[in-house]
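Asks: Dropping in entry02.pdb, with PDB, C-alpha atoms.
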ATOM      1  CA  MET F   1      42.673  39.452 -13.444  1.00  0.00           C
ATOM      2  CA  ASN F   2      40.638  41.330 -10.828  1.00  0.00           C
ATOM      3  CA  LYS F   3      39.002  39.920  -7.729  1.00  0.00           C
ATOM      4  CA  LYS F   4      35.567  39.453  -9.314  1.00  0.00           C
ATOM      5  CA  LEU F   5      36.964  37.615 -12.335  1.00  0.00           C
ATOM      6  CA  PHE F   6      39.037  35.330 -10.131  1.00  0.00           C
ATOM      7  CA  LEU F   7      36.044  34.489  -7.949  1.00  0.00           C
ATOM      8  CA  VAL F   8      33.919  33.733 -11.025  1.00  0.00           C
ATOM      9  CA  ILE F   9      36.588  31.359 -12.384  1.00  0.00           C
ATOM     10  CA  TRP F  10      36.974  29.763  -8.956  1.00  0.00           C
ATOM     11  CA  PHE F  11      33.215  29.340  -8.504  1.00  0.00           C
ATOM     12  CA  LEU F  12      32.730  27.823 -11.965  1.00  0.00           C
ATOM     13  CA  SER F  13      35.535  25.340 -11.305  1.00  0.00           C
ATOM     14  CA  ILE F  14      33.865  24.377  -8.018  1.00  0.00           C
ATOM     15  CA  LEU F  15      30.593  23.718  -9.864  1.00  0.00           C
ATOM     16  CA  LEU F  16      32.249  21.248 -12.241  1.00  0.00           C
ATOM     17  CA  GLY F  17      32.147  18.474  -9.657  1.00  0.00           C
ATOM     18  CA  PRO F  18      28.475  18.747  -8.650  1.00  0.00           C
ATOM     19  CA  PHE F  19      27.443  19.245 -12.291  1.00  0.00           C
ATOM     20  CA  THR F  20      29.356  16.133 -13.414  1.00  0.00           C
ATOM     21  CA  LEU F  21      27.873  14.148 -10.547  1.00  0.00           C
ATOM     22  CA  LEU F  22      24.383  15.367 -11.425  1.00  0.00           C
ATOM     23  CA  LEU F  23      24.848  14.155 -14.995  1.00  0.00           C
ATOM     24  CA  ASN F  24      26.051  10.766 -13.779  1.00  0.00           C
ATOM     25  CA  ILE F  25      23.294  10.149 -11.235  1.00  0.00           C
ATOM     26  CA  SER F  26      20.630  11.278 -13.697  1.00  0.00           C
ATOM     27  CA  LYS F  27      21.330   8.018 -15.529  1.00  0.00           C
ATOM     28  CA  ILE F  28      20.401   6.012 -12.422  1.00  0.00           C
ATOM     29  CA  PRO F  29      16.685   5.218 -12.202  1.00  0.00           C
ATOM     30  CA  GLY F  30      15.020   6.310  -8.960  1.00  0.00           C
ATOM     31  CA  PRO F  31      13.917   6.193  -6.275  1.00  0.00           C
ATOM     32  CA  TYR F  32      17.235   6.598  -4.444  1.00  0.00           C
ATOM     33  CA  ASP F  33      17.760   4.676  -1.230  1.00  0.00           C
ATOM     34  CA  THR F  34      19.770   5.883   1.782  1.00  0.00           C
ATOM     35  CA  ILE F  35      22.965   4.103   0.837  1.00  0.00           C
ATOM     36  CA  LEU F  36      22.963   5.647  -2.640  1.00  0.00           C
ATOM     37  CA  LEU F  37      22.340   9.125  -1.222  1.00  0.00           C
ATOM     38  CA  ILE F  38      25.311   8.704   1.119  1.00  0.00           C
ATOM     39  CA  ASN F  39      27.423   7.587  -1.835  1.00  0.00           C
ATOM     40  CA  ILE F  40      26.332  10.655  -3.824  1.00  0.00           C
ATOM     41  CA  PHE F  41      27.263  12.910  -0.892  1.00  0.00           C
ATOM     42  CA  GLN F  42      30.633  11.179  -0.528  1.00  0.00           C
ATOM     43  CA  ARG F  43      31.398  11.700  -4.201  1.00  0.00           C
ATOM     44  CA  ALA F  44      30.235  15.327  -4.166  1.00  0.00           C
ATOM     45  CA  VAL F  45      32.450  16.399  -1.260  1.00  0.00           C
ATOM     46  CA  ALA F  46      35.406  14.558  -2.832  1.00  0.00           C
ATOM     47  CA  LEU F  47      35.058  16.355  -6.165  1.00  0.00           C
ATOM     48  CA  VAL F  48      34.708  19.805  -4.594  1.00  0.00           C
ATOM     49  CA  ALA F  49      37.604  19.117  -2.207  1.00  0.00           C
ATOM     50  CA  PHE F  50      39.795  18.082  -5.173  1.00  0.00           C
ATOM     51  CA  VAL F  51      39.173  21.408  -6.903  1.00  0.00           C
ATOM     52  CA  MET F  52      39.750  23.367  -3.698  1.00  0.00           C
ATOM     53  CA  LEU F  53      42.992  21.501  -3.028  1.00  0.00           C
ATOM     54  CA  PHE F  54      44.174  22.489  -6.490  1.00  0.00           C
ATOM     55  CA  TRP F  55      43.458  26.158  -5.761  1.00  0.00           C
ATOM     56  CA  GLN F  56      45.160  25.860  -2.371  1.00  0.00           C
ATOM     57  CA  ILE F  57      48.360  24.770  -4.120  1.00  0.00           C
ATOM     58  CA  VAL F  58      48.144  27.367  -6.887  1.00  0.00           C
ATOM     59  CA  LEU F  59      47.562  30.194  -4.406  1.00  0.00           C
ATOM     60  CA  GLY F  60      49.859  28.965  -1.645  1.00  0.00           C
ATOM     61  CA  SER F  61      52.814  28.288  -3.948  1.00  0.00           C
ATOM     62  CA  PHE F  62      52.959  31.871  -5.165  1.00  0.00           C
ATOM     63  CA  MET F  63      51.239  33.704  -2.318  1.00  0.00           C
ATOM     64  CA  HIS F  64      53.623  36.670  -2.277  1.00  0.00           C
ATOM     65  CA  ARG F  65      53.061  37.282  -5.992  1.00  0.00           C
ATOM     66  CA  TRP F  66      49.290  36.976  -5.629  1.00  0.00           C
ATOM     67  CA  ILE F  67      49.256  39.448  -2.737  1.00  0.00           C
ATOM     68  CA  GLU F  68      51.540  41.909  -4.533  1.00  0.00           C
ATOM     69  CA  LYS F  69      49.334  41.868  -7.607  1.00  0.00           C
ATOM     70  CA  TYR F  70      45.820  41.513  -6.213  1.00  0.00           C
ATOM     71  CA  GLY F  71      45.929  42.460  -2.534  1.00  0.00           C
ATOM     72  CA  ALA F  72      45.798  40.939   0.944  1.00  0.00           C
ATOM     73  CA  TRP F  73      42.317  39.450   0.366  1.00  0.00           C
ATOM     74  CA  VAL F  74      44.020  36.557  -1.464  1.00  0.00           C
ATOM     75  CA  PHE F  75      45.635  35.342   1.751  1.00  0.00           C
ATOM     76  CA  LYS F  76      42.355  35.559   3.664  1.00  0.00           C
ATOM     77  CA  PHE F  77      40.623  33.687   0.844  1.00  0.00           C
ATOM     78  CA  HIS F  78      43.357  31.033   0.938  1.00  0.00           C
ATOM     79  CA  ILE F  79      42.869  30.499   4.674  1.00  0.00           C
ATOM     80  CA  THR F  80      39.070  30.344   4.416  1.00  0.00           C
ATOM     81  CA  GLU F  81      39.098  28.012   1.432  1.00  0.00           C
ATOM     82  CA  GLY F  82      41.634  25.797   3.169  1.00  0.00           C
ATOM     83  CA  ALA F  83      39.322  25.394   6.161  1.00  0.00           C
ATOM     84  CA  ILE F  84      36.396  24.513   3.896  1.00  0.00           C
ATOM     85  CA  ALA F  85      38.518  22.118   1.844  1.00  0.00           C
ATOM     86  CA  TYR F  86      39.676  20.247   4.927  1.00  0.00           C
ATOM     87  CA  SER F  87      36.112  20.041   6.232  1.00  0.00           C
ATOM     88  CA  LEU F  88      35.082  18.384   2.970  1.00  0.00           C
ATOM     89  CA  ILE F  89      38.104  16.075   3.050  1.00  0.00           C
ATOM     90  CA  PHE F  90      37.149  15.110   6.611  1.00  0.00           C
ATOM     91  CA  LEU F  91      33.576  14.356   5.534  1.00  0.00           C
ATOM     92  CA  HIS F  92      34.676  12.088   2.677  1.00  0.00           C
ATOM     93  CA  PRO F  93      35.988   9.141   4.762  1.00  0.00           C
ATOM     94  CA  LEU F  94      33.357   9.826   7.418  1.00  0.00           C
ATOM     95  CA  SER F  95      30.604   9.284   4.859  1.00  0.00           C
ATOM     96  CA  PHE F  96      32.462   6.175   3.652  1.00  0.00           C
ATOM     97  CA  LEU F  97      32.369   4.907   7.236  1.00  0.00           C
ATOM     98  CA  LEU F  98      28.607   5.485   7.350  1.00  0.00           C
ATOM     99  CA  PHE F  99      28.201   3.874   3.913  1.00  0.00           C
ATOM    100  CA  ASN F 100      30.015   0.719   5.036  1.00  0.00           C
ATOM    101  CA  TYR F 101      28.048   0.560   8.279  1.00  0.00           C
ATOM    102  CA  ILE F 102      24.684   0.680   6.481  1.00  0.00           C
ATOM    103  CA  ALA F 103      25.858  -1.758   3.802  1.00  0.00           C
ATOM    104  CA  THR F 104      27.469  -4.344   6.120  1.00  0.00           C
ATOM    105  CA  LYS F 105      26.013  -3.536   9.584  1.00  0.00           C
ATOM    106  CA  VAL F 106      29.625  -3.447  10.837  1.00  0.00           C
ATOM    107  CA  PHE F 107      31.104  -0.283  12.350  1.00  0.00           C
ATOM    108  CA  ASP F 108      34.799  -0.407  11.457  1.00  0.00           C
ATOM    109  CA  PRO F 109      36.614   2.965  11.610  1.00  0.00           C
ATOM    110  CA  PHE F 110      39.980   1.195  11.643  1.00  0.00           C
ATOM    111  CA  TYR F 111      39.346  -0.145   8.151  1.00  0.00           C
ATOM    112  CA  VAL F 112      38.310   3.281   6.841  1.00  0.00           C
ATOM    113  CA  TYR F 113      41.083   5.323   8.423  1.00  0.00           C
ATOM    114  CA  THR F 114      44.001   2.935   9.010  1.00  0.00           C
ATOM    115  CA  GLY F 115      43.500  -0.012   6.665  1.00  0.00           C
ATOM    116  CA  PHE F 116      46.764   0.637   4.816  1.00  0.00           C
ATOM    117  CA  CYS F 117      48.178  -2.025   2.536  1.00  0.00           C
ATOM    118  CA  VAL F 118      50.782  -2.358  -0.204  1.00  0.00           C
ATOM    119  CA  LEU F 119      50.294  -5.993  -1.147  1.00  0.00           C
ATOM    120  CA  CYS F 120      46.525  -5.658  -1.074  1.00  0.00           C
ATOM    121  CA  GLN F 121      43.935  -8.309  -1.795  1.00  0.00           C
ATOM    122  CA  THR F 122      42.406  -6.197  -4.563  1.00  0.00           C
ATOM    123  CA  ARG F 123      43.493  -3.373  -6.824  1.00  0.00           C
ATOM    124  CA  THR F 124      40.791  -1.137  -5.337  1.00  0.00           C
ATOM    125  CA  GLU F 125      42.108  -1.671  -1.797  1.00  0.00           C
ATOM    126  CA  PHE F 126      45.569  -0.591  -2.965  1.00  0.00           C
ATOM    127  CA  PHE F 127      44.227   2.725  -4.233  1.00  0.00           C
ATOM    128  CA  TYR F 128      42.074   3.132  -1.115  1.00  0.00           C
ATOM    129  CA  SER F 129      45.393   3.245   0.720  1.00  0.00           C
ATOM    130  CA  PHE F 130      46.417   6.266  -1.344  1.00  0.00           C
ATOM    131  CA  GLY F 131      43.358   8.063  -0.017  1.00  0.00           C
ATOM    132  CA  ARG F 132      44.081   7.021   3.570  1.00  0.00           C
ATOM    133  CA  VAL F 133      47.685   8.262   3.391  1.00  0.00           C
ATOM    134  CA  ALA F 134      46.500  11.515   1.806  1.00  0.00           C
ATOM    135  CA  PHE F 135      43.956  12.048   4.600  1.00  0.00           C
ATOM    136  CA  TRP F 136      46.554  11.784   7.364  1.00  0.00           C
ATOM    137  CA  MET F 137      49.065  13.867   5.424  1.00  0.00           C
ATOM    138  CA  VAL F 138      46.618  16.700   4.814  1.00  0.00           C
ATOM    139  CA  SER F 139      45.571  16.520   8.465  1.00  0.00           C
ATOM    140  CA  ALA F 140      49.219  16.995   9.469  1.00  0.00           C
ATOM    141  CA  ALA F 141      49.586  19.870   6.987  1.00  0.00           C
ATOM    142  CA  VAL F 142      46.467  21.603   8.322  1.00  0.00           C
ATOM    143  CA  LEU F 143      47.640  21.190  11.921  1.00  0.00           C
ATOM    144  CA  ALA F 144      51.025  22.629  10.969  1.00  0.00           C
ATOM    145  CA  ALA F 145      49.319  25.662   9.425  1.00  0.00           C
ATOM    146  CA  LYS F 146      47.094  26.158  12.484  1.00  0.00           C
ATOM    147  CA  LEU F 147      50.170  26.249  14.732  1.00  0.00           C
ATOM    148  CA  ARG F 148      52.171  28.551  12.465  1.00  0.00           C
ATOM    149  CA  THR F 149      51.844  31.557  14.812  1.00  0.00           C
ATOM    150  CA  GLN F 150      53.387  29.690  17.741  1.00  0.00           C
ATOM    151  CA  PRO F 151      56.979  30.898  18.352  1.00  0.00           C
ATOM    152  CA  TRP F 152      58.343  27.364  18.756  1.00  0.00           C
ATOM    153  CA  TRP F 153      56.785  26.254  15.450  1.00  0.00           C
ATOM    154  CA  ARG F 154      57.149  29.336  13.271  1.00  0.00           C
ATOM    155  CA  GLU F 155      60.343  28.155  11.562  1.00  0.00           C
ATOM    156  CA  TYR F 156      59.146  24.626  10.854  1.00  0.00           C
ATOM    157  CA  TRP F 157      55.483  24.679   9.861  1.00  0.00           C
ATOM    158  CA  ARG F 158      56.139  25.169   6.130  1.00  0.00           C
ATOM    159  CA  LYS F 159      58.180  21.956   6.009  1.00  0.00           C
ATOM    160  CA  ILE F 160      55.073  20.005   7.048  1.00  0.00           C
ATOM    161  CA  HIS F 161      52.605  22.173   5.144  1.00  0.00           C
ATOM    162  CA  ILE F 162      54.302  21.328   1.827  1.00  0.00           C
ATOM    163  CA  LEU F 163      52.849  17.844   2.230  1.00  0.00           C
ATOM    164  CA  ASN F 164      49.853  19.332   0.385  1.00  0.00           C
ATOM    165  CA  TYR F 165      51.768  18.877  -2.871  1.00  0.00           C
ATOM    166  CA  LEU F 166      52.094  15.153  -2.282  1.00  0.00           C
ATOM    167  CA  VAL F 167      48.523  15.018  -0.970  1.00  0.00           C
ATOM    168  CA  PHE F 168      47.203  16.342  -4.271  1.00  0.00           C
ATOM    169  CA  ILE F 169      49.107  13.708  -6.261  1.00  0.00           C
ATOM    170  CA  LEU F 170      47.911  10.919  -3.962  1.00  0.00           C
ATOM    171  CA  VAL F 171      44.328  12.178  -4.176  1.00  0.00           C
ATOM    172  CA  ALA F 172      44.578  12.448  -7.962  1.00  0.00           C
ATOM    173  CA  VAL F 173      45.712   8.810  -8.226  1.00  0.00           C
ATOM    174  CA  HIS F 174      43.141   7.668  -5.649  1.00  0.00           C
ATOM    175  CA  SER F 175      40.259   9.438  -7.380  1.00  0.00           C
ATOM    176  CA  TRP F 176      41.215   8.206 -10.842  1.00  0.00           C
ATOM    177  CA  PHE F 177      41.496   4.533  -9.928  1.00  0.00           C
ATOM    178  CA  VAL F 178      38.707   4.358  -7.333  1.00  0.00           C
ATOM    179  CA  GLY F 179      36.147   6.885  -8.516  1.00  0.00           C
ATOM    180  CA  SER F 180      34.245   7.175 -11.757  1.00  0.00           C
ATOM    181  CA  ASP F 181      33.328  10.870 -11.766  1.00  0.00           C
ATOM    182  CA  THR F 182      36.889  11.988 -12.520  1.00  0.00           C
ATOM    183  CA  HIS F 183      36.590  10.104 -15.825  1.00  0.00           C
ATOM    184  CA  SER F 184      33.351  11.862 -16.712  1.00  0.00           C
ATOM    185  CA  PHE F 185      32.723  15.041 -18.691  1.00  0.00           C
ATOM    186  CA  PRO F 186      33.135  17.871 -17.823  1.00  0.00           C
ATOM    187  CA  PHE F 187      35.172  17.127 -14.671  1.00  0.00           C
ATOM    188  CA  VAL F 188      37.701  15.062 -16.631  1.00  0.00           C
ATOM    189  CA  LEU F 189      38.739  18.271 -18.411  1.00  0.00           C
ATOM    190  CA  PHE F 190      39.584  19.909 -15.098  1.00  0.00           C
ATOM    191  CA  TYR F 191      41.384  16.761 -13.951  1.00  0.00           C
ATOM    192  CA  PHE F 192      43.744  16.761 -16.936  1.00  0.00           C
ATOM    193  CA  PHE F 193      44.156  20.523 -16.611  1.00  0.00           C
ATOM    194  CA  SER F 194      44.948  20.576 -12.883  1.00  0.00           C
ATOM    195  CA  VAL F 195      47.240  17.564 -12.492  1.00  0.00           C
ATOM    196  CA  PRO F 196      49.920  18.755 -14.992  1.00  0.00           C
ATOM    197  CA  ILE F 197      49.853  22.233 -13.439  1.00  0.00           C
ATOM    198  CA  VAL F 198      50.492  20.856  -9.955  1.00  0.00           C
ATOM    199  CA  ILE F 199      53.250  18.585 -11.292  1.00  0.00           C
ATOM    200  CA  TYR F 200      54.800  21.629 -12.998  1.00  0.00           C
ATOM    201  CA  ILE F 201      54.639  23.594  -9.723  1.00  0.00           C
ATOM    202  CA  ILE F 202      56.267  20.710  -7.838  1.00  0.00           C
ATOM    203  CA  ILE F 203      59.076  20.416 -10.403  1.00  0.00           C
ATOM    204  CA  SER F 204      59.672  24.197 -10.429  1.00  0.00           C
ATOM    205  CA  LYS F 205      59.830  24.222  -6.612  1.00  0.00           C
ATOM    206  CA  LEU F 206      62.286  21.324  -6.588  1.00  0.00           C
ATOM    207  CA  ILE F 207      64.493  23.042  -9.175  1.00  0.00           C
ATOM    208  CA  ALA F 208      64.455  26.277  -7.159  1.00  0.00           C
ATOM    209  CA  PHE F 209      65.326  24.329  -3.997  1.00  0.00           C
ATOM    210  CA  PHE F 210      68.244  22.365  -5.461  1.00  0.00           C
ATOM    211  CA  LYS F 211      69.575  25.066  -7.829  1.00  0.00           C
ATOM    212  CA  PRO F 212      71.788  26.863  -5.255  1.00  0.00           C
ATOM    213  CA  SER F 213      73.549  23.643  -4.229  1.00  0.00           C
ATOM    214  CA  LEU F 214      73.998  22.589  -7.870  1.00  0.00           C
ATOM    215  CA  GLU F 215      75.536  25.963  -8.712  1.00  0.00           C
ATOM    216  CA  LEU F 216      77.933  25.669  -5.756  1.00  0.00           C
ATOM    217  CA  ASN F 217      79.056  22.231  -6.916  1.00  0.00           C
ATOM    218  CA  HIS F 218      79.902  23.662 -10.324  1.00  0.00           C
TER     219      HIS F 218
END
Could you write out this structure as structure tokens?
Replies:
Amino acid sequence: MNKKLFLVIWFLSILLGPFTLLLNISKIPGPYDTILLINIFQRAVALVAFVMLFWQIVLGSFMHRWIEKYGAWVFKFHITEGAIAYSLIFLHPLSFLLFNYIATKVFDPFYVYTGFCVLCQTRTEFFYSFGRVAFWMVSAAVLAAKLRTQPWWREYWRKIHILNYLVFILVAVHSWFVGSDTHSFPFVLFYFFSVPIVIYIIISKLIAFFKPSLELNH
């Protein structure tokens, strides 16, 4: 796979979210009010961020192999895409905050960002919490990556940055049980393609991590 082919595949996967959303909103009779437009924006950034987070894991997990085979541009692409992905992730709860404010006339950032619950009043609130945890985890992972060049942090940043694996799983659960677009064609195809791949990567990383200690015990 050369650079151009990779970028074509990446770009087409990015388009899956907006295309699915376009199909879904085309079924809604117009005109669209402000609150619906904010909801559409919120869903769009979430879908694109989900795809980008998948590529972040696929590239980051095997970065040395990607660079050896395709060149140093892969690392630069990974960094740039990561910045864009986090920007979209940041916009998702921010647009939810704006949505709630217009809908209820109450400005409540604590509910949006810190309203965690386990024994929640509703099933939806429970899966909202998955999204909230994922947001703070990915924020910590991004901060860890930004500080990776600092001498005092160089040895530790990867331990925090690997939170992205868990973030993807949390986001996958959150989007499936809260959203509707992940259930819709064609994005649902990408969903059931990406989630098993990330789970496979996580399992392979765990096996590689524990294998030396298991061999020593035997």
Asks: Name the residues that the PyMOL selection byres ((chain F and resi 60) around 12) pulls out of this structure, and write them as a PyMOL selection string.
Replies: chain F and resi 52-59+61-67+74-79+81-82+145+158+161-162+164-165+198+201
Asks: Determine, counting all atoms listed in the file, which protein, DNA and RNA residues have an atom within 10 Å of an atom of range 125-129 of chain F; residues of the same chain fewer than 2 positions away are not included. Present the result as a list in words.
Replies: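 Using all atoms listed in the file, the neighbours found are Val112, Tyr113, Thr114, Gly115, Phe116, Cys117, Val118, Leu119, Cys120, Gln121, Thr122, Arg123, Gly131, Arg132, Val133, Ala134, Phe135, Leu170, Val171, Val173, His174, Ser175, Trp176, Phe177 and Val178 of chain F.
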Asks: For the structure provided, state which residues fall under the PyMOL selection byres ((chain F and resi 97-104) around 9), and present them as a PyMOL selection string.
Replies: chain F and resi 34-36+38-39+42+92-96+105-109+111-113
Asks: Spell out the residues picked by the PyMOL selection byres ((chain F and resi 89) around 8) here, as a VMD selection string.
Replies: chain F and resid 45 to 46 49 85 to 88 90 to 93 135
Asks: Quick one: everything within 12 Å of His183 in chain F, counting only C-alpha atoms, minus sequence neighbours fewer than 2 positions away in the same chain. Send it as a ChimeraX atom specification.
Replies: /F:17,20-21,24,47,172-173,175-181,185-192
Asks: For each of F:Val51, F:Ala208, F:Ile197, F:Val138, take the minimum atom-to-atom distance to Thr182 in chain F, counting all atoms listed in the file, then give the residue where this is smallest.
Replies: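 Going through F:Val51, F:Ala208, F:Ile197, F:Val138 one by one, the smallest distance to Thr182 in chain F is for F:Val51.
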Asks: Between CA of Tyr200 in chain F and CA of Ile169 in chain F, what is the distance in Å, rounded to a tenth?
Replies: 11.9 Å
Asks: Have a look at CA of Leu206 in chain F and CA of Val142 in chain F and let me know their distance in Å, one decimal.
Replies: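 Between CA of Leu206 in chain F and CA of Val142 in chain F the gap is 21.7 Å.
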Asks: Using CA of Asp33 in chain F and CA of Phe130 in chain F as the two end points, give the distance in Å to one decimal.
Replies: 28.7 Å
Asks: Could you rebuild range 34-56 of chain F with N, CA and C atoms and give it back as a CSV table (one decimal), keeping the file's coordinate frame?
Replies:
chain,number,residue,atom,x,y,z
F,34,THR,N,18.9,5.2,0.9
F,34,THR,CA,19.8,5.9,1.8
F,34,THR,C,21.2,5.7,1.4
F,35,ILE,N,21.6,4.4,1.1
F,35,ILE,CA,23.0,4.1,0.8
F,35,ILE,C,23.5,4.8,-0.4
F,36,LEU,N,22.6,4.9,-1.4
F,36,LEU,CA,23.0,5.6,-2.6
F,36,LEU,C,23.1,7.1,-2.4
F,37,LEU,N,22.2,7.7,-1.6
F,37,LEU,CA,22.3,9.1,-1.2
F,37,LEU,C,23.6,9.4,-0.5
F,38,ILE,N,24.0,8.5,0.4
F,38,ILE,CA,25.3,8.7,1.1
F,38,ILE,C,26.5,8.6,0.1
F,39,ASN,N,26.4,7.7,-0.8
F,39,ASN,CA,27.4,7.6,-1.8
F,39,ASN,C,27.5,8.8,-2.7
F,40,ILE,N,26.4,9.4,-3.0
F,40,ILE,CA,26.3,10.7,-3.8
F,40,ILE,C,27.0,11.8,-3.0
F,41,PHE,N,26.7,11.9,-1.7
F,41,PHE,CA,27.3,12.9,-0.9
F,41,PHE,C,28.8,12.7,-0.8
F,42,GLN,N,29.2,11.5,-0.6
F,42,GLN,CA,30.6,11.2,-0.5
F,42,GLN,C,31.4,11.6,-1.8
F,43,ARG,N,30.8,11.3,-2.9
F,43,ARG,CA,31.4,11.7,-4.2
F,43,ARG,C,31.4,13.2,-4.4
F,44,ALA,N,30.3,13.9,-4.0
F,44,ALA,CA,30.2,15.3,-4.2
F,44,ALA,C,31.3,16.1,-3.4
F,45,VAL,N,31.5,15.7,-2.1
F,45,VAL,CA,32.4,16.4,-1.3
F,45,VAL,C,33.9,16.1,-1.8
F,46,ALA,N,34.1,14.9,-2.3
F,46,ALA,CA,35.4,14.6,-2.8
F,46,ALA,C,35.8,15.4,-4.0
F,47,LEU,N,34.8,15.6,-4.9
F,47,LEU,CA,35.1,16.4,-6.2
F,47,LEU,C,35.3,17.8,-5.8
F,48,VAL,N,34.5,18.4,-5.0
F,48,VAL,CA,34.7,19.8,-4.6
F,48,VAL,C,36.0,20.0,-3.8
F,49,ALA,N,36.3,19.0,-3.0
F,49,ALA,CA,37.6,19.1,-2.2
F,49,ALA,C,38.8,19.0,-3.1
F,50,PHE,N,38.7,18.2,-4.2
F,50,PHE,CA,39.8,18.1,-5.2
F,50,PHE,C,40.1,19.4,-5.8
F,51,VAL,N,39.0,20.1,-6.3
F,51,VAL,CA,39.2,21.4,-6.9
F,51,VAL,C,39.8,22.4,-5.9
F,52,MET,N,39.3,22.4,-4.7
F,52,MET,CA,39.8,23.4,-3.7
F,52,MET,C,41.2,23.1,-3.4
F,53,LEU,N,41.6,21.8,-3.3
F,53,LEU,CA,43.0,21.5,-3.0
F,53,LEU,C,43.9,22.0,-4.1
F,54,PHE,N,43.4,21.9,-5.4
F,54,PHE,CA,44.2,22.5,-6.5
F,54,PHE,C,44.4,24.0,-6.3
F,55,TRP,N,43.3,24.7,-6.0
F,55,TRP,CA,43.5,26.2,-5.8
F,55,TRP,C,44.3,26.5,-4.6
F,56,GLN,N,44.3,25.7,-3.5
F,56,GLN,CA,45.2,25.9,-2.4
F,56,GLN,C,46.6,25.8,-2.8
